[in-house]
Structures are given as C-alpha cells and as structure tokens.
Amino acid sequence: MSLNFIDLFAGAGGLSEGFVRAGFNPIAHVEIETAACNTLKTRTAFHYLKSENRLDEYVQYLKGDINRSELYSKLPDQLLQTIINEPIGDENNDYIFAKIDSCLNRKNVDLIIGGPPCQAYSLVGRARSKTKMEGDPRNYLFEQYARYLERYKPKMFVFENVLGLKSAKKGYYLNQMQQRFFEVGYEIKLYILDARNFGVLQNRRRIIIVGWKKEFNFNPPNLNSVSTELKNTIKDILYDLPYLNAGGGTDKYQNYIAEKNDYLGTHKIRNGIDVLTQHIARDHRELDKRIYKIAVDKWNENKERLNYNDLPEDLKTHQNRSSFMDRFKVVAADKKFSQTVVAHIAKDGHYYIHPDRDQNRSITVREAARLQSFPDDYYFEGEREGANRTAAFKQIGNAVPPLMAKSIAFEILKVLNG
C-alpha cells in the first residue's frame, strides 16, 4: 500500500518527484506561483498517462500536437484539483485545508514534505537586503508549516532549506522552529546534505530537517550514510545535446535519438522519449560573449576562474569592483560537479557559461534541468500557454534535485516501514 504525502511550498516538484519515484502517493501540492503550478499539473499528467499506458499522449504534448488545455483534459478532474495554487497563510489556510480534505477522501497523511522560500535565510539574500531580511514575513513560514502538521498529524515530515537557516539571526529562527515543531508533537533531526553524495553533478549543500511524532519510537533515518561516488563529469550530461550558438535552438527537437551514456541512462535523465524540449539559448550582447570566451579560455588553458578585475578595461561595465568578482563563471566540463544552480539564473546566465568556447553562450533551460537531475521529459511551464524561459529557470534554481529527493525518500520509507 502506498504511503500518502502532502507537498507544501511545492515549487516545480523536484522534492515530490523523488518521493513519487520511491513509491509514495501525492495527495496534494500547495504552491503560490501559477507557473510552477502549471508545471506540477503537467508532471501529474505525465505520471497519470504513464500509469495508464498512454504515455504517447503526453509525447503528443511535448511535440506540440496538442496544447496544454488538451493535455489537462485527459486527466480526471480530481487529479487536477490536487494542485492548489494558493499562498499558505492565515487568510487562506481554511480554504486550502478544505481542498486537501477533499483530495484525501478520508485517507491518512503519512508524510508532509516541502520547504518555505529560502530568501529570508540565505546568506546572499541577507547580503543584498538593506534590513538583512529582518521583519520579512517569510522568516516565520515555518509557523505555517507547523499548522499543517498540527492538522494532519503525519507520522513524519521532511523540511528542506538553505544552510543560512543555521546562522540566520544567530540561530534564532532555527531554535524557534525546533520549539514550535516540538509543541505540535514532533522530535526533529537536522542534516546538512550535499547533492553530490546522491549522484547529482552539482555542488549543492542544503539543510534537511526530518521530524517524527514523539510517541513513535523511531530511529531517525541515516541520511548522512548515503553516498554515491561520482564517476562522471559535467561533459557527460552536456555532450549529447544539440550544438547551439547564442540565440539559437527550439523548444521541441523531434526524433531526438542521440547516443546516451551510462549516467544519462542509469539516472533516467534520458528515458526513451524522442522529443527534446526547452533547449534554447539566450541571445547575448557582443560584450558579454567576449567575456565568455575569456572565461572559457582561462579555465580550459589554466584551470583558473575569471576575476572580473582582470578583464580589459573596455569590458568592465559594472561599478562594483570589490564584491561578486566571480560573476562570470564557466560550468566546467571536466569537473565532477557544477556550481550551485540558483534562481538568479533567471536574471542572466553569466554565472553559468557553457564550457564549449565555440558555442559561446550561457546554458539552456534543459542543461540547467540536467544539472539539477531532472529528466528530459520534465517540462517547465509558464503562467500562460507555452514555455517561459524566465519562469523555467526560476523553478529549476529553487528546486530540490529529484535524484537527491529519491534517496531521501527511500531512507524515510525504511523508517516508516519499520
């Protein structure tokens, strides 16, 4: 029998995807962003049609043979209702509770997963904020999370956030969180995990808090024992994709049957579908393309990162010459992991330069998704019909890598199954 979960602050569903792969059943996803909710609906369509042996109908959508409304019309209405596009908070909780209760249909909630927006805790967010994020209501979204624990009383929960949670206000928020979770009936254990240990080719360290009901005699999962040796390099997740120059590409490559390697196959990045989507390169200013070539040459020839102050004077357009000196950075093909993919990639691609000097561009949505271990059949939606590159990048940068989530889910499953 499948164990049921609710995903709060669900984003594009990276965390949820891992739990679904581990055999958990999603009861509801709650998310404020409309674009991310559309992504969740599209992914729900994928899983439903696959379970019904109708995956060809999902492929029709990827090919553009049917539109988004037509895809969603293939789902039972009760499945579409499980995606709840509302902000979690006192003014909406009763409405969200009613929607979740309807989705539950008297089933139990075994698990709640999710992590509130991290800007209030992140080191970068605090550095860029004049108030150091003091007074930001997002600091206390864990209180909302606790209200869902109190209502649905899951056996366990998984709460994901950034490392800055430990240091924000000298640990004040983390202490408050621990006390609040204890008040509603849960013991917790905090883990600092690196996505690299879960097969993700990316340097991404995150806090995972696992909670369990106090009356259960659980041994907490041993998440720190999970370790996957990285034998591949970034080249292995980029090499098979179509060559693009800045401004080139298309949303849908038909008959995409390029050779795949062990990494792409084993981790189901490439999965047999012959349509490749969202591989479109940003256009760039000539000045930026000149900088990209310098950055790539520095790495390829000397294994050195570009320092902004080392650029020729005619290429320096930023007034700030004392911080963020690594604002132009190559996704190095010969390394086993990339720099952390963050939501700022939606603003520009300077921190994610493709390692091929001849292509001379930043990475595409599909390349960013692969760095996050999303499979190629995962389609990132905008608010309206069709792909929205900015929305897609933001969703990818904010996500939990599905490979990492799957490993966490299997460890949780061991505990729940005793």
# chains A, B, ... in the order shown; residues from 1 in each chain; ligands from 1
>>> select_by_dssp(residues="range 218-392 of chain A", states="strand (DSSP E or B)", output="list of chain:residue names")
A:Gly249, A:Thr250, A:Asp251, A:Lys252, A:Tyr253, A:Leu276, A:Thr277, A:Gln278, A:His279, A:Ile280, A:Val330, A:Ser338, A:Ile353, A:Ser362
>>> closest_atom_pairs(of="range 21-66 of chain A", to="range 384-402 of chain A", cutoff="12 Å", atoms="only C-alpha atoms", output="Markdown table")
| residue | atom | partner | partner_atom | distance |
| --- | --- | --- | --- | --- |
| A:Arg21 | CA | A:Pro402 | CA | 8.8 |
| A:Ala22 | CA | A:Pro402 | CA | 10.6 |
| A:Glu31 | CA | A:Gln395 | CA | 11.6 |
| A:Glu33 | CA | A:Gln395 | CA | 9.5 |
| A:Thr34 | CA | A:Arg384 | CA | 9.0 |
| A:Ala35 | CA | A:Ala391 | CA | 6.6 |
| A:Ala36 | CA | A:Gln395 | CA | 6.6 |
| A:Cys37 | CA | A:Gln395 | CA | 10.3 |
| A:Asn38 | CA | A:Arg384 | CA | 8.8 |
| A:Thr39 | CA | A:Ala392 | CA | 8.9 |
| A:Leu40 | CA | A:Gln395 | CA | 10.8 |
| A:Thr42 | CA | A:Glu385 | CA | 11.6 |
| A:Tyr61 | CA | A:Gly386 | CA | 10.6 |
| A:Leu62 | CA | A:Gly386 | CA | 10.5 |
| A:Lys63 | CA | A:Gly386 | CA | 11.9 |
| A:Gly64 | CA | A:Gly386 | CA | 9.5 |
| A:Ile66 | CA | A:Glu385 | CA | 11.4 |
>>> write_last_selection(atoms="C-alpha atoms", output="PDB file, in the first residue's frame")
ATOM      1  CA  ARG A  21       9.816   7.603  -7.690  1.00  0.00           C
ATOM      2  CA  ALA A  22      10.258   5.930  -4.297  1.00  0.00           C
ATOM      3  CA  GLU A  31       2.217  26.363  -4.290  1.00  0.00           C
ATOM      4  CA  GLU A  33       3.374  30.558  -8.147  1.00  0.00           C
ATOM      5  CA  THR A  34       0.996  29.944 -11.040  1.00  0.00           C
ATOM      6  CA  ALA A  35       3.782  28.931 -13.436  1.00  0.00           C
ATOM      7  CA  ALA A  36       5.075  26.308 -11.000  1.00  0.00           C
ATOM      8  CA  CYS A  37       1.516  25.003 -10.501  1.00  0.00           C
ATOM      9  CA  ASN A  38       1.212  24.545 -14.248  1.00  0.00           C
ATOM     10  CA  THR A  39       4.475  22.588 -14.172  1.00  0.00           C
ATOM     11  CA  LEU A  40       3.046  20.422 -11.396  1.00  0.00           C
ATOM     12  CA  THR A  42       1.940  18.830 -16.475  1.00  0.00           C
ATOM     13  CA  TYR A  61       2.032  17.435 -25.929  1.00  0.00           C
ATOM     14  CA  LEU A  62       5.831  17.624 -25.962  1.00  0.00           C
ATOM     15  CA  LYS A  63       5.721  17.553 -29.753  1.00  0.00           C
ATOM     16  CA  GLY A  64       3.187  20.368 -29.852  1.00  0.00           C
ATOM     17  CA  ILE A  66      -1.916  19.106 -28.608  1.00  0.00           C
TER      18      ILE A  66
END
>>> residues_around(residues="range 348-356 of chain A", least_positions_apart="2", cutoff="7 Å", atoms="only C-alpha atoms", output="list of chain:residue names")
A:Tyr292, A:Val296, A:Arg327, A:Phe328, A:Lys329, A:Val330, A:Val331, A:Ala332, A:Ala333, A:Ile345, A:Ala346, A:Asp358, A:Gln359, A:Asn360, A:Arg361, A:Ser362, A:Ile363
>>> residues_around(residues="Leu201 in chain A", least_positions_apart="3", cutoff="9 Å", atoms="only C-alpha atoms", output="list in words")
Ala195, Arg196, Phe198, Leu230, Asn232, Thr233, Ile234, Ile237, Lys335, Lys336, Phe337, Ser338, Arg370, Leu371, Gln372 and Ser373 of chain A
>>> write_last_selection(atoms="C-alpha atoms", output="short mmCIF file (atom, residue, chain, number, x, y, z; two decimals), in the first residue's frame")
data_model
loop_
_atom_site.label_atom_id
_atom_site.label_comp_id
_atom_site.auth_asym_id
_atom_site.auth_seq_id
_atom_site.Cartn_x
_atom_site.Cartn_y
_atom_site.Cartn_z
CA ALA A 195 23.65 16.78 -3.58
CA ARG A 196 26.95 15.34 -4.83
CA PHE A 198 23.30 11.48 -4.13
CA LEU A 230 30.69 10.49 -8.83
CA ASN A 232 31.13 11.19 -14.41
CA THR A 233 31.91 14.77 -15.32
CA ILE A 234 29.77 17.67 -16.50
CA ILE A 237 25.42 15.45 -19.16
CA LYS A 335 34.73 18.71 -13.24
CA LYS A 336 32.56 16.16 -11.47
CA PHE A 337 30.14 18.81 -10.33
CA SER A 338 28.99 22.28 -11.29
CA ARG A 370 20.03 18.20 -16.17
CA LEU A 371 22.45 19.75 -13.67
CA GLN A 372 19.58 19.51 -11.18
CA SER A 373 18.99 15.86 -12.26
#
>>> residues_around(residues="Ile188 in chain A", least_positions_apart="3", cutoff="7 Å", atoms="only C-alpha atoms", output="ChimeraX atom specification")
/A:209-212
>>> residues_around(residues="Glu411 in chain A", least_positions_apart="2", cutoff="9 Å", atoms="only C-alpha atoms", output="number ranges by chain")
A: 221-223, 226, 406-409, 413-416
>>> closest_residue(among="A:Gly14, A:Leu306, A:Gln339, A:Arg357", to="Phe324 in chain A", atoms="only C-alpha atoms")
A:Leu306
